[in-house]
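One file, run_11.pdb, is given below (PDB, C-alpha atoms, pLDDT in the B column).
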```pdb
ATOM      1  CA  MET S   1     -15.630  17.669  85.564  1.00 52.00           C
ATOM      2  CA  ARG S   2     -12.381  16.471  87.124  1.00 53.00           C
ATOM      3  CA  PHE S   3      -9.154  18.480  87.243  1.00 48.00           C
ATOM      4  CA  THR S   4      -5.681  17.198  87.855  1.00 55.00           C
ATOM      5  CA  GLY S   5      -3.390  19.221  90.123  1.00 54.00           C
ATOM      6  CA  THR S   6      -1.891  20.913  87.103  1.00 52.00           C
ATOM      7  CA  GLY S   7      -5.344  21.549  85.644  1.00 52.00           C
ATOM      8  CA  ILE S   8      -6.537  23.217  88.843  1.00 46.00           C
ATOM      9  CA  MET S   9      -3.509  25.506  88.888  1.00 48.00           C
ATOM     10  CA  LEU S  10      -4.049  26.496  85.268  1.00 46.00           C
ATOM     11  CA  PHE S  11      -7.763  27.090  85.871  1.00 45.00           C
ATOM     12  CA  VAL S  12      -7.131  29.335  88.900  1.00 46.00           C
ATOM     13  CA  ALA S  13      -4.393  31.238  87.058  1.00 50.00           C
ATOM     14  CA  GLY S  14      -6.805  31.789  84.183  1.00 49.00           C
ATOM     15  CA  VAL S  15      -9.477  33.153  86.540  1.00 45.00           C
ATOM     16  CA  PHE S  16      -7.030  35.628  88.077  1.00 45.00           C
ATOM     17  CA  ALA S  17      -5.681  36.607  84.681  1.00 49.00           C
ATOM     18  CA  GLY S  18      -9.217  37.186  83.438  1.00 48.00           C
ATOM     19  CA  SER S  19      -9.998  39.303  86.497  1.00 48.00           C
ATOM     20  CA  ALA S  20      -6.905  41.426  85.908  1.00 53.00           C
ATOM     21  CA  VAL S  21      -7.881  42.010  82.294  1.00 57.00           C
ATOM     22  CA  ALA S  22     -11.420  42.945  83.310  1.00 54.00           C
ATOM     23  CA  GLN S  23     -10.301  45.733  85.675  1.00 59.00           C
ATOM     24  CA  PRO S  24     -11.031  49.148  84.119  1.00 61.00           C
ATOM     25  CA  ALA S  25      -8.162  51.584  83.715  1.00 58.00           C
ATOM     26  CA  GLN S  26      -7.985  54.105  86.524  1.00 65.00           C
ATOM     27  CA  ALA S  27      -8.808  57.680  85.545  1.00 65.00           C
ATOM     28  CA  PRO S  28      -6.141  60.270  86.356  1.00 65.00           C
ATOM     29  CA  PRO S  29      -6.846  62.499  89.376  1.00 78.00           C
ATOM     30  CA  PRO S  30      -8.955  65.543  88.474  1.00 89.00           C
ATOM     31  CA  VAL S  31      -7.803  69.133  88.366  1.00 93.00           C
ATOM     32  CA  THR S  32      -8.917  70.832  91.584  1.00 96.00           C
ATOM     33  CA  ARG S  33     -10.096  74.453  91.697  1.00 96.00           C
ATOM     34  CA  THR S  34     -10.777  76.313  94.940  1.00 98.00           C
ATOM     35  CA  VAL S  35     -12.116  79.872  94.938  1.00 98.00           C
ATOM     36  CA  VAL S  36     -10.442  81.502  97.943  1.00 98.00           C
ATOM     37  CA  ALA S  37     -11.973  84.982  97.483  1.00 98.00           C
ATOM     38  CA  ALA S  38     -14.538  86.529  95.153  1.00 98.00           C
ATOM     39  CA  THR S  39     -16.612  89.641  94.583  1.00 98.00           C
ATOM     40  CA  LYS S  40     -18.601  91.472  91.902  1.00 98.00           C
ATOM     41  CA  LEU S  41     -17.690  94.856  90.486  1.00 98.00           C
ATOM     42  CA  PRO S  42     -20.565  96.969  89.104  1.00 97.00           C
ATOM     43  CA  SER S  43     -18.401  98.542  86.380  1.00 96.00           C
ATOM     44  CA  VAL S  44     -14.790  98.421  85.168  1.00 97.00           C
ATOM     45  CA  VAL S  45     -14.709 100.896  82.284  1.00 96.00           C
ATOM     46  CA  GLU S  46     -14.612 104.322  83.967  1.00 94.00           C
ATOM     47  CA  THR S  47     -10.815 104.371  83.920  1.00 95.00           C
ATOM     48  CA  PRO S  48      -8.048 102.138  82.525  1.00 96.00           C
ATOM     49  CA  LEU S  49      -7.220  99.295  84.933  1.00 97.00           C
ATOM     50  CA  TYR S  50      -3.969  97.443  85.576  1.00 97.00           C
ATOM     51  CA  PHE S  51      -3.014  94.219  87.350  1.00 97.00           C
ATOM     52  CA  ARG S  52      -0.467  94.498  90.131  1.00 97.00           C
ATOM     53  CA  ALA S  53       0.964  91.951  92.577  1.00 97.00           C
ATOM     54  CA  LEU S  54       2.697  92.699  95.889  1.00 97.00           C
ATOM     55  CA  ARG S  55       4.242  90.654  98.677  1.00 98.00           C
ATOM     56  CA  LEU S  56       3.378  91.911 102.181  1.00 98.00           C
ATOM     57  CA  SER S  57       5.394  91.035 105.286  1.00 98.00           C
ATOM     58  CA  LEU S  58       4.545  91.703 108.933  1.00 98.00           C
ATOM     59  CA  PRO S  59       6.701  90.579 111.885  1.00 97.00           C
ATOM     60  CA  PRO S  60       5.172  88.284 114.549  1.00 97.00           C
ATOM     61  CA  ARG S  61       2.630  89.961 116.882  1.00 97.00           C
ATOM     62  CA  GLU S  62       3.008  93.308 115.091  1.00 97.00           C
ATOM     63  CA  THR S  63       0.067  95.404 113.858  1.00 97.00           C
ATOM     64  CA  SER S  64      -0.341  97.690 110.859  1.00 97.00           C
ATOM     65  CA  THR S  65      -2.922  99.180 108.502  1.00 97.00           C
ATOM     66  CA  LEU S  66      -3.491  98.765 104.773  1.00 97.00           C
ATOM     67  CA  SER S  67      -5.597 100.683 102.261  1.00 96.00           C
ATOM     68  CA  ALA S  68      -5.475 100.085  98.513  1.00 95.00           C
ATOM     69  CA  ALA S  69      -7.420  99.605  95.289  1.00 95.00           C
ATOM     70  CA  ASN S  70      -9.792  96.664  94.821  1.00 97.00           C
ATOM     71  CA  GLY S  71      -7.826  93.490  95.374  1.00 97.00           C
ATOM     72  CA  MET S  72      -7.412  90.065  96.938  1.00 98.00           C
ATOM     73  CA  LEU S  73      -5.199  89.037  99.844  1.00 98.00           C
ATOM     74  CA  TYR S  74      -3.738  85.533  99.980  1.00 98.00           C
ATOM     75  CA  GLN S  75      -1.944  84.173 103.053  1.00 98.00           C
ATOM     76  CA  LEU S  76       1.315  82.486 102.036  1.00 98.00           C
ATOM     77  CA  SER S  77       2.671  81.697 105.514  1.00 97.00           C
ATOM     78  CA  GLY S  78       1.935  82.480 109.126  1.00 97.00           C
ATOM     79  CA  SER S  79      -1.444  83.983 110.006  1.00 98.00           C
ATOM     80  CA  THR S  80      -3.014  87.442 109.973  1.00 98.00           C
ATOM     81  CA  GLU S  81      -5.986  88.820 111.878  1.00 98.00           C
ATOM     82  CA  ILE S  82      -7.687  91.345 109.585  1.00 98.00           C
ATOM     83  CA  SER S  83     -10.267  93.826 110.883  1.00 97.00           C
ATOM     84  CA  LEU S  84     -12.569  95.867 108.641  1.00 93.00           C
ATOM     85  CA  GLY S  85     -14.906  98.034 110.673  1.00 87.00           C
ATOM     86  CA  SER S  86     -16.741  95.721 113.060  1.00 90.00           C
ATOM     87  CA  GLU S  87     -15.772  92.540 111.198  1.00 93.00           C
ATOM     88  CA  THR S  88     -12.659  90.472 111.950  1.00 96.00           C
ATOM     89  CA  LYS S  89     -11.284  87.504 110.024  1.00 97.00           C
ATOM     90  CA  THR S  90      -8.139  85.465 110.589  1.00 98.00           C
ATOM     91  CA  LEU S  91      -6.313  84.226 107.501  1.00 98.00           C
ATOM     92  CA  HIS S  92      -4.200  81.084 107.746  1.00 98.00           C
ATOM     93  CA  ALA S  93      -1.912  79.739 105.015  1.00 97.00           C
ATOM     94  CA  GLY S  94      -4.022  79.112 101.904  1.00 98.00           C
ATOM     95  CA  ASP S  95      -6.842  81.504 102.893  1.00 98.00           C
ATOM     96  CA  GLY S  96      -7.845  84.630 101.009  1.00 98.00           C
ATOM     97  CA  MET S  97     -10.204  87.606 101.166  1.00 98.00           C
ATOM     98  CA  PHE S  98     -11.367  90.589  99.121  1.00 97.00           C
ATOM     99  CA  LEU S  99     -10.308  94.064 100.211  1.00 97.00           C
ATOM    100  CA  ALA S 100     -12.397  96.832  98.617  1.00 96.00           C
ATOM    101  CA  ALA S 101     -10.962 100.095  97.373  1.00 94.00           C
ATOM    102  CA  GLY S 102     -10.786 102.833  99.990  1.00 87.00           C
ATOM    103  CA  LYS S 103     -11.335 100.467 102.926  1.00 93.00           C
ATOM    104  CA  ALA S 104      -8.685 100.707 105.647  1.00 95.00           C
ATOM    105  CA  ALA S 105      -7.906  97.276 107.108  1.00 97.00           C
ATOM    106  CA  SER S 106      -6.110  96.635 110.381  1.00 97.00           C
ATOM    107  CA  LEU S 107      -3.642  93.727 110.245  1.00 98.00           C
ATOM    108  CA  LYS S 108      -2.156  91.806 113.156  1.00 97.00           C
ATOM    109  CA  ALA S 109       0.361  89.022 112.617  1.00 98.00           C
ATOM    110  CA  GLY S 110       0.148  85.787 114.608  1.00 96.00           C
ATOM    111  CA  SER S 111       2.505  85.171 117.495  1.00 91.00           C
ATOM    112  CA  ASP S 112       4.347  82.127 116.102  1.00 88.00           C
ATOM    113  CA  GLU S 113       5.953  83.479 112.928  1.00 94.00           C
ATOM    114  CA  ALA S 114       6.016  86.413 110.557  1.00 96.00           C
ATOM    115  CA  SER S 115       2.980  86.890 108.334  1.00 98.00           C
ATOM    116  CA  THR S 116       3.562  86.804 104.583  1.00 98.00           C
ATOM    117  CA  LEU S 117       0.752  87.612 102.164  1.00 98.00           C
ATOM    118  CA  LEU S 118       0.270  88.189  98.458  1.00 98.00           C
ATOM    119  CA  HIS S 119      -1.823  91.190  97.449  1.00 98.00           C
ATOM    120  CA  PHE S 120      -3.331  91.091  93.946  1.00 98.00           C
ATOM    121  CA  LEU S 121      -4.649  94.477  92.842  1.00 97.00           C
ATOM    122  CA  LEU S 122      -6.921  95.791  90.116  1.00 97.00           C
ATOM    123  CA  THR S 123      -5.750  99.358  90.116  1.00 96.00           C
ATOM    124  CA  PRO S 124      -6.115 102.507  88.018  1.00 94.00           C
ATOM    125  CA  ALA S 125      -2.811 104.185  87.125  1.00 85.00           C
ATOM    126  CA  PRO S 126      -0.528 102.085  89.365  1.00 77.00           C
ATOM    127  CA  ASP S 127       2.111 104.824  89.561  1.00 75.00           C
ATOM    128  CA  ARG S 128      -0.380 107.144  91.259  1.00 75.00           C
ATOM    129  CA  ASN S 129      -2.426 104.631  93.249  1.00 78.00           C
ATOM    130  CA  LYS S 130       0.048 102.985  95.566  1.00 82.00           C
ATOM    131  CA  PRO S 131      -1.234 101.078  98.612  1.00 89.00           C
ATOM    132  CA  VAL S 132      -1.119 103.099 101.824  1.00 90.00           C
ATOM    133  CA  VAL S 133       0.530 101.107 104.628  1.00 92.00           C
ATOM    134  CA  THR S 134       1.931 101.839 108.060  1.00 93.00           C
ATOM    135  CA  VAL S 135       5.134 100.408 109.459  1.00 91.00           C
ATOM    136  CA  PRO S 136       6.197  97.745 110.270  1.00 96.00           C
ATOM    137  CA  LEU S 137       4.220  96.265 107.330  1.00 96.00           C
ATOM    138  CA  SER S 138       6.590  96.089 104.351  1.00 96.00           C
ATOM    139  CA  THR S 139       5.685  95.741 100.679  1.00 96.00           C
ATOM    140  CA  GLN S 140       7.578  94.370  97.691  1.00 96.00           C
ATOM    141  CA  GLU S 141       6.241  94.800  94.175  1.00 95.00           C
ATOM    142  CA  LEU S 142       6.341  91.533  92.232  1.00 97.00           C
ATOM    143  CA  TYR S 143       4.562  92.486  89.020  1.00 97.00           C
ATOM    144  CA  ARG S 144       2.539  95.127  87.229  1.00 95.00           C
ATOM    145  CA  THR S 145       1.078  95.172  83.727  1.00 96.00           C
ATOM    146  CA  ALA S 146       2.854  97.636  81.452  1.00 94.00           C
ATOM    147  CA  ALA S 147      -0.403  98.670  79.761  1.00 95.00           C
ATOM    148  CA  PRO S 148      -4.050  98.732  80.854  1.00 96.00           C
ATOM    149  CA  ILE S 149      -6.029  95.482  80.708  1.00 97.00           C
ATOM    150  CA  PRO S 150      -7.528  95.451  77.182  1.00 96.00           C
ATOM    151  CA  ASP S 151     -11.077  94.758  76.006  1.00 94.00           C
ATOM    152  CA  LEU S 152     -12.920  95.128  79.313  1.00 96.00           C
ATOM    153  CA  LYS S 153     -16.629  95.479  78.575  1.00 94.00           C
ATOM    154  CA  PRO S 154     -19.369  97.582  80.185  1.00 97.00           C
ATOM    155  CA  GLY S 155     -21.433  95.883  82.876  1.00 97.00           C
ATOM    156  CA  ILE S 156     -20.947  93.815  86.014  1.00 98.00           C
ATOM    157  CA  HIS S 157     -17.756  91.750  86.294  1.00 98.00           C
ATOM    158  CA  ASP S 158     -16.689  88.854  88.515  1.00 98.00           C
ATOM    159  CA  LEU S 159     -13.365  89.290  90.286  1.00 98.00           C
ATOM    160  CA  ASN S 160     -11.954  86.231  92.026  1.00 98.00           C
ATOM    161  CA  LEU S 161      -8.823  84.527  93.266  1.00 98.00           C
ATOM    162  CA  THR S 162      -8.739  80.789  92.575  1.00 98.00           C
ATOM    163  CA  ARG S 163      -6.192  78.145  93.576  1.00 98.00           C
ATOM    164  CA  VAL S 164      -5.730  75.492  90.872  1.00 97.00           C
ATOM    165  CA  THR S 165      -3.849  72.190  91.223  1.00 98.00           C
ATOM    166  CA  PHE S 166      -2.896  69.951  88.290  1.00 97.00           C
ATOM    167  CA  PRO S 167      -2.093  66.314  89.132  1.00 97.00           C
ATOM    168  CA  ALA S 168       1.261  64.802  88.201  1.00 96.00           C
ATOM    169  CA  GLY S 169       1.709  63.840  84.556  1.00 94.00           C
ATOM    170  CA  MET S 170      -1.239  65.848  83.262  1.00 95.00           C
ATOM    171  CA  PRO S 171      -0.917  66.640  79.525  1.00 94.00           C
ATOM    172  CA  SER S 172      -1.433  70.225  78.420  1.00 94.00           C
ATOM    173  CA  ASN S 173      -5.110  71.183  78.285  1.00 94.00           C
ATOM    174  CA  PRO S 174      -6.677  72.251  74.963  1.00 94.00           C
ATOM    175  CA  PRO S 175      -5.875  75.752  73.648  1.00 94.00           C
ATOM    176  CA  HIS S 176      -8.101  78.408  75.237  1.00 95.00           C
ATOM    177  CA  HIS S 177      -8.322  82.113  76.060  1.00 95.00           C
ATOM    178  CA  ARG S 178      -9.781  84.358  78.761  1.00 96.00           C
ATOM    179  CA  SER S 179     -13.039  86.265  78.339  1.00 96.00           C
ATOM    180  CA  GLY S 180     -11.543  88.967  80.560  1.00 97.00           C
ATOM    181  CA  ALA S 181      -7.999  88.638  81.878  1.00 98.00           C
ATOM    182  CA  ALA S 182      -5.986  86.811  84.545  1.00 98.00           C
ATOM    183  CA  LEU S 183      -2.716  87.056  86.433  1.00 98.00           C
ATOM    184  CA  TYR S 184      -1.158  83.751  87.563  1.00 98.00           C
ATOM    185  CA  TYR S 185       1.209  83.139  90.476  1.00 98.00           C
ATOM    186  CA  VAL S 186       2.887  79.717  90.716  1.00 98.00           C
ATOM    187  CA  LEU S 187       2.753  78.304  94.247  1.00 98.00           C
ATOM    188  CA  SER S 188       4.459  74.919  93.910  1.00 97.00           C
ATOM    189  CA  GLY S 189       5.695  72.373  91.393  1.00 97.00           C
ATOM    190  CA  THR S 190       6.780  73.016  87.815  1.00 96.00           C
ATOM    191  CA  GLY S 191       4.185  73.431  85.094  1.00 97.00           C
ATOM    192  CA  THR S 192       4.326  73.888  81.340  1.00 96.00           C
ATOM    193  CA  ASN S 193       2.822  77.067  79.898  1.00 97.00           C
ATOM    194  CA  THR S 194       2.405  77.119  76.110  1.00 96.00           C
ATOM    195  CA  ILE S 195       1.774  80.411  74.303  1.00 93.00           C
ATOM    196  CA  GLN S 196       1.634  80.598  70.511  1.00 82.00           C
ATOM    197  CA  GLY S 197       3.219  77.154  70.275  1.00 84.00           C
ATOM    198  CA  LYS S 198       6.148  78.005  72.542  1.00 93.00           C
ATOM    199  CA  ALA S 199       6.324  75.953  75.762  1.00 95.00           C
ATOM    200  CA  GLU S 200       8.006  77.338  78.875  1.00 96.00           C
ATOM    201  CA  ALA S 201       8.513  75.836  82.329  1.00 96.00           C
ATOM    202  CA  ARG S 202       6.943  77.842  85.171  1.00 97.00           C
ATOM    203  CA  THR S 203       8.361  77.419  88.658  1.00 97.00           C
ATOM    204  CA  PRO S 204       7.325  78.726  92.112  1.00 98.00           C
ATOM    205  CA  GLY S 205       7.160  82.509  92.245  1.00 98.00           C
ATOM    206  CA  ALA S 206       6.608  82.925  88.492  1.00 98.00           C
ATOM    207  CA  LEU S 207       3.921  85.399  87.405  1.00 98.00           C
ATOM    208  CA  VAL S 208       2.138  85.037  84.068  1.00 97.00           C
ATOM    209  CA  TYR S 209      -0.261  87.609  82.593  1.00 98.00           C
ATOM    210  CA  GLU S 210      -3.078  86.489  80.296  1.00 97.00           C
ATOM    211  CA  PRO S 211      -4.978  89.359  78.651  1.00 97.00           C
ATOM    212  CA  PHE S 212      -8.115  88.811  76.597  1.00 95.00           C
ATOM    213  CA  GLY S 213      -7.501  86.870  73.393  1.00 90.00           C
ATOM    214  CA  LEU S 214      -4.173  85.300  74.358  1.00 94.00           C
ATOM    215  CA  VAL S 215      -4.426  81.637  73.302  1.00 94.00           C
ATOM    216  CA  HIS S 216      -2.528  79.439  75.717  1.00 95.00           C
ATOM    217  CA  GLN S 217      -2.315  76.036  77.440  1.00 96.00           C
ATOM    218  CA  TRP S 218      -1.222  74.681  80.826  1.00 97.00           C
ATOM    219  CA  GLY S 219       0.056  71.211  81.683  1.00 97.00           C
ATOM    220  CA  ASN S 220       2.084  69.321  84.268  1.00 97.00           C
ATOM    221  CA  ALA S 221       4.673  66.834  83.022  1.00 91.00           C
ATOM    222  CA  GLY S 222       6.251  66.535  86.469  1.00 92.00           C
ATOM    223  CA  ASP S 223       5.936  63.697  88.964  1.00 94.00           C
ATOM    224  CA  GLY S 224       4.277  65.868  91.635  1.00 96.00           C
ATOM    225  CA  PRO S 225       1.309  68.270  91.807  1.00 97.00           C
ATOM    226  CA  PHE S 226       1.519  71.703  90.209  1.00 98.00           C
ATOM    227  CA  SER S 227      -0.389  74.526  91.944  1.00 98.00           C
ATOM    228  CA  PHE S 228      -0.965  78.153  91.036  1.00 98.00           C
ATOM    229  CA  LEU S 229      -3.220  81.107  91.863  1.00 98.00           C
ATOM    230  CA  ALA S 230      -5.345  82.786  89.183  1.00 98.00           C
ATOM    231  CA  PHE S 231      -6.410  86.392  89.851  1.00 98.00           C
ATOM    232  CA  ASN S 232      -9.202  86.615  87.311  1.00 98.00           C
ATOM    233  CA  ILE S 233     -11.691  89.138  85.989  1.00 98.00           C
ATOM    234  CA  ASN S 234     -14.479  88.245  83.566  1.00 98.00           C
ATOM    235  CA  PRO S 235     -17.943  89.567  82.587  1.00 97.00           C
ATOM    236  CA  GLU S 236     -20.753  88.298  84.800  1.00 97.00           C
ATOM    237  CA  GLY S 237     -22.527  85.333  83.200  1.00 96.00           C
ATOM    238  CA  VAL S 238     -19.667  84.650  80.776  1.00 96.00           C
ATOM    239  CA  ALA S 239     -17.272  81.744  81.248  1.00 95.00           C
ATOM    240  CA  ALA S 240     -13.846  82.884  82.424  1.00 95.00           C
ATOM    241  CA  VAL S 241     -12.124  80.348  80.143  1.00 94.00           C
ATOM    242  CA  VAL S 242     -13.247  80.009  76.515  1.00 93.00           C
ATOM    243  CA  PRO S 243     -12.033  77.212  74.188  1.00 93.00           C
ATOM    244  CA  GLY S 244      -9.940  78.047  71.153  1.00 91.00           C
ATOM    245  CA  GLU S 245      -9.292  81.486  69.709  1.00 88.00           C
ATOM    246  CA  PRO S 246     -11.566  84.502  70.182  1.00 85.00           C
ATOM    247  CA  PRO S 247     -13.866  85.303  67.262  1.00 81.00           C
ATOM    248  CA  GLN S 248     -12.445  87.809  64.806  1.00 72.00           C
ATOM    249  CA  SER S 249     -14.160  91.189  64.958  1.00 53.00           C
ATOM    250  CA  LYS S 250     -15.774  92.259  61.700  1.00 46.00           C
TER     251      LYS S 250
END
```
Render the structure in this file as structure tokens.
Amino acid sequence: MRFTGTGIMLFVAGVFAGSAVAQPAQAPPPVTRTVVAATKLPSVVETPLYFRALRLSLPPRETSTLSAANGMLYQLSGSTEISLGSETKTLHAGDGMFLAAGKAASLKAGSDEASTLLHFLLTPAPDRNKPVVTVPLSTQELYRTAAPIPDLKPGIHDLNLTRVTFPAGMPSNPPHHRSGAALYYVLSGTGTNTIQGKAEARTPGALVYEPFGLVHQWGNAGDGPFSFLAFNINPEGVAAVVPGEPPQSK
């Protein structure tokens, strides 16, 4: 077979065009989930429980102590050396750890900058169970549930703190609800939270409470990643997130 100059050019163009058509569409980046701290609680029904969120601040190189209800620490900025008995762990930005009820932790801020942490608590009667701290550690309450967490069941429960990142342009996920409950804290970006058909933009610093049975969705219509923390409790062996609405009790 002979090709003229024009024929060769058309043939090559056709090959490249065919190759372009044959390329599969690229899948969008996945949602990433990182568990930064987790534990198991043997029971959660002896007393009504509430969610609470605090911001902790400690000046550079300063030391303090902290004792509170069961909860998770999350390092926002700086670093903190935390000692519990004979164990010591240093948290850097993005790290987390579980702090059990009644355990007194020693905190020491890094030398370069002030230490800022979030403290998510699962506390009975928040008005009477305030964290015990020593100066110069300062606390600022960000959120507390007005009523106890509903529908907690007997038995072992998972308690965890998970960092979730939605890629840019991610449509809202299907409607779902929690088998236990969760408290969200937005770290970065702007996401869309839809509850009962009403969509609302959530920006950094926003806190969103999701009790059992609340049907909701999350999405990211922005052109950058959207990241948040989920302080979650759910029955052991039961998925934390359940599609659709909860079954109606008979």
Checklist outcome for this item: Restricting to all atoms listed in the file, whichever of S:Asp112, S:Thr194, S:Thr80, S:Asn160 is closest to Thr34 of chain S is S:Asn160
Next on the checklist: Report, in Å to a single decimal, how far apart atom CA of Ala206 of chain S and atom CA of Ile82 of chain S are.
Outcome noted: 26.8 Å
Checklist entry - Care to translate the PyMOL selection byres ((chain S and resi 64) around 7) into actual residues of this file, as a VMD selection string? => result chain S and resid 62 to 63 65 to 66 106 to 108 134 to 137
Checklist entry - What does the distance between atom CA of Gly197 of chain S and atom CA of Phe120 of chain S come to in Å, to one decimal place? => result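 Going from atom CA of Gly197 of chain S over to atom CA of Phe120 of chain S covers 28.2 Å.
Selection by the PyMOL selection byres ((chain S and resi 98) around 6) on the present file picks out Ala37, Gly71, Met72, Met97 and Leu99 of chain S.
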Atoms kept (C-alpha atoms) for selection, written as a PDB file, in the frame of the given file:
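Final file, part-v5.pdb:
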```pdb
ATOM      1  CA  ALA S  37     -11.973  84.982  97.483  1.00 98.00           C
ATOM      2  CA  GLY S  71      -7.826  93.490  95.374  1.00 97.00           C
ATOM      3  CA  MET S  72      -7.412  90.065  96.938  1.00 98.00           C
ATOM      4  CA  MET S  97     -10.204  87.606 101.166  1.00 98.00           C
ATOM      5  CA  LEU S  99     -10.308  94.064 100.211  1.00 97.00           C
TER       6      LEU S  99
END
```
The PyMOL selection byres ((chain S and resi 43) around 10) resolved against shown file, as a short mmCIF file (atom, residue, chain, number, x, y, z; two decimals) with C-alpha atoms, keeping the file's coordinate frame:
```cif
data_model
loop_
_atom_site.label_atom_id
_atom_site.label_comp_id
_atom_site.auth_asym_id
_atom_site.auth_seq_id
_atom_site.Cartn_x
_atom_site.Cartn_y
_atom_site.Cartn_z
CA LYS S 40 -18.60 91.47 91.90
CA LEU S 41 -17.69 94.86 90.49
CA PRO S 42 -20.56 96.97 89.10
CA VAL S 44 -14.79 98.42 85.17
CA VAL S 45 -14.71 100.90 82.28
CA GLU S 46 -14.61 104.32 83.97
CA THR S 47 -10.82 104.37 83.92
CA LEU S 152 -12.92 95.13 79.31
CA LYS S 153 -16.63 95.48 78.58
CA PRO S 154 -19.37 97.58 80.18
CA GLY S 155 -21.43 95.88 82.88
CA ILE S 156 -20.95 93.82 86.01
CA HIS S 157 -17.76 91.75 86.29
CA PRO S 235 -17.94 89.57 82.59
#
```
Checklist entry - So, counting all atoms listed in the file, which residue among S:Ser172, S:Thr32, S:Thr39, S:Thr90 is closest to Asn234 of chain S? => result S:Thr39
Checklist entry - At what distance in Å, to one decimal, does atom CA of Arg55 of chain S lie from atom CA of Gly78 of chain S? => result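 Interatomic distance, atom CA of Gly78 of chain S to atom CA of Arg55 of chain S: 13.5 Å.
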Checklist entry - Hey, what's within 8 Å of Ala69 of chain S if we count all atoms listed in the file and toss same-chain stuff fewer than 4 positions away? As an MDAnalysis selection string, please? => result chainID S and resid 99:102 121:124 129 131
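The closest residue to Pro126 of chain S, picked from S:Tyr143, S:Tyr185, S:Tyr50, S:Phe166 and counting all atoms listed in the file, is S:Tyr50.
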Item to check | Neighbour list for Leu183 of chain S as a ChimeraX atom specification, cut-off 8 Å, all atoms listed in the file, skip fewer than 3 positions in-chain | outcome: /S:51,207-210,230-232
Checklist entry - Which residue, S:His216, S:Lys198, S:Arg163, S:Lys130, has the smallest gap to Arg52 of chain S when you use all atoms listed in the file? => result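 Smallest separation from Arg52 of chain S among the options: S:Lys130.
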For segment 26-64 of chain S of the block above, can you save C-alpha atoms as a CSV table (one decimal), in the first residue's frame?
```csv
chain,number,residue,atom,x,y,z
S,26,GLN,CA,-9.8,9.0,34.8
S,27,ALA,CA,-11.6,8.1,38.0
S,28,PRO,CA,-11.9,11.0,40.5
S,29,PRO,CA,-9.5,10.8,43.5
S,30,PRO,CA,-10.9,8.7,46.4
S,31,VAL,CA,-12.1,10.0,49.7
S,32,THR,CA,-9.3,9.4,52.3
S,33,ARG,CA,-10.0,8.4,55.9
S,34,THR,CA,-7.3,8.3,58.6
S,35,VAL,CA,-8.1,7.1,62.1
S,36,VAL,CA,-5.9,9.2,64.3
S,37,ALA,CA,-7.1,7.8,67.6
S,38,ALA,CA,-9.3,4.9,68.7
S,39,THR,CA,-10.4,2.9,71.7
S,40,LYS,CA,-13.2,0.6,72.9
S,41,LEU,CA,-15.6,1.4,75.8
S,42,PRO,CA,-17.1,-1.6,77.7
S,43,SER,CA,-20.4,0.2,78.3
S,44,VAL,CA,-22.0,3.6,77.6
S,45,VAL,CA,-25.4,3.3,79.3
S,46,GLU,CA,-24.7,3.8,83.0
S,47,THR,CA,-25.3,7.5,82.7
S,48,PRO,CA,-26.4,10.0,80.0
S,49,LEU,CA,-23.5,11.1,77.8
S,50,TYR,CA,-22.8,14.3,76.0
S,51,PHE,CA,-20.4,15.4,73.3
S,52,ARG,CA,-18.2,18.4,74.1
S,53,ALA,CA,-15.4,20.0,72.1
S,54,LEU,CA,-12.7,22.3,73.6
S,55,ARG,CA,-9.7,24.2,72.2
S,56,LEU,CA,-6.5,23.9,74.4
S,57,SER,CA,-3.6,26.3,74.2
S,58,LEU,CA,-0.2,26.1,75.9
S,59,PRO,CA,2.6,28.6,75.4
S,60,PRO,CA,6.0,27.4,74.0
S,61,ARG,CA,8.1,25.3,76.4
S,62,GLU,CA,5.5,25.5,79.1
S,63,THR,CA,4.1,22.5,81.0
S,64,SER,CA,0.7,21.7,82.5
```
